[in-house]
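**Q** Handing you this structure, nothing more for now.
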Amino acid sequence: MDAQTIRLLPAGSGDLRWVEAFALIEYPLAYAYLWRDGGAAYVSEAFSAQALDAELRESGSRLDLVEFEGERVGFCRVVAGKAPPRNSRFERYHYLHRIYLAHPQVRPEQAGMVTMERATRR
């Protein structure tokens, strides 16, 4: 896998149901152990189309769909221009709020690195 096989596409309101469905499947696979209900309540609240739509309207917020070889394999959300924590040498920064990737042939560390680099360059 190389950078040429991964594309980031801006998500619009028509894509939010796909993101919601993806999160309902993928989030519990990684984080169910943190929750008594397997994360069901968190996922239904944090990844509902309504919640995602509200996030899209936040200043500097961008939700991208991740494609690998033409297939949607995940999404990421970046918030640009955030104020840094105290004692930081930076005036503003990009905050990678979420990155979820799933594909049997995609190694998460490779796809994640490419996704982060491209998301923060835009």
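Going by the structure tokens order, chains are called A, B, ..., each with residues numbered from 1, while ligands are numbered from 1 in the order shown.
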Excluding same-chain residues fewer than 6 positions from Ala41 (chain A), what lies within 12 Å of it counting only C-alpha atoms, as a ChimeraX atom specification?

**A** /A:24,27-28,32,34-35,47-48

**Q** Tell me, which residues of region 47-115 of chain A carry DSSP helix (DSSP H, G or I), written as JSON, numbers by chain?

**A** {"A": [49, 50, 51, 52, 53, 54, 55, 56, 108, 109, 110, 111, 112, 113, 114, 115]}

**Q** With distances taken over only C-alpha atoms, which of A:Leu56, A:Leu65, A:Ala83, A:Val19 is nearest to Val43 (chain A)?

**A**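 Ranking A:Leu56, A:Leu65, A:Ala83, A:Val19 by distance to Val43 (chain A), first place goes to A:Val19.
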
**Q** Determine, counting only C-alpha atoms, which protein, DNA and RNA residues have an atom within 12 Å of an atom of Glu91 (chain A); residues of the same chain fewer than 5 positions away are not included. Present the result as a ChimeraX atom specification.

**A** /A:80-86

**Q** Using only C-alpha atoms, can you tell me which of A:Tyr33, A:Trp18, A:Phe68, A:Tyr42 comes closest to Val114 (chain A)?

**A**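 Closest to Val114 (chain A), using only C-alpha atoms: A:Phe68.
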
**Q** How would you write, as JSON, numbers by chain, the set of residues in chain A that DSSP gives as strand (DSSP E or B)?

**A** {"A": [6, 7, 8, 9, 10, 61, 62, 63, 64, 65, 66, 67, 68, 71, 72, 73, 74, 75, 76, 77, 78, 79, 80, 81, 82, 93, 94, 95, 96, 97, 98, 99, 100, 101]}

**Q** I need the residue nearest Ile99 (chain A) from this list: A:Met113, A:Ala40, A:Ile6, A:Leu52. Use only C-alpha atoms for the distance.

**A**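 Residue with the minimum atom-to-atom distance to Ile99 (chain A): A:Met113.
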
**Q** Find the residue from A:Gln50, A:Ser88, A:Gln105, A:Ser59 that sits nearest to Gly14 (chain A); use only C-alpha atoms when measuring.

**A** A:Gln50

**Q** Would you kindly return, as a ChimeraX atom specification, each protein, DNA or RNA residue with an atom no farther than 7 Å from any atom of Arg62 (chain A), considering only C-alpha atoms and excluding same-chain residues fewer than 5 positions away?

**A** /A:56,77-79

**Q** Include N, CA and C atoms and write out the residues we just selected as an mmCIF file, in the first residue's frame.

**A**
data_model
loop_
_atom_site.group_PDB
_atom_site.id
_atom_site.type_symbol
_atom_site.label_atom_id
_atom_site.label_comp_id
_atom_site.auth_asym_id
_atom_site.auth_seq_id
_atom_site.Cartn_x
_atom_site.Cartn_y
_atom_site.Cartn_z
ATOM 1 N N LEU A 56 -19.990 18.947 11.850
ATOM 2 C CA LEU A 56 -19.608 19.533 10.563
ATOM 3 C C LEU A 56 -19.774 21.046 10.555
ATOM 4 N N ARG A 77 -11.907 12.972 11.236
ATOM 5 C CA ARG A 77 -12.374 14.337 11.487
ATOM 6 C C ARG A 77 -11.204 15.142 12.012
ATOM 7 N N VAL A 78 -10.977 16.285 11.389
ATOM 8 C CA VAL A 78 -9.925 17.204 11.794
ATOM 9 C C VAL A 78 -10.571 18.545 12.108
ATOM 10 N N VAL A 79 -10.113 19.170 13.174
ATOM 11 C CA VAL A 79 -10.561 20.518 13.516
ATOM 12 C C VAL A 79 -9.338 21.421 13.378
#
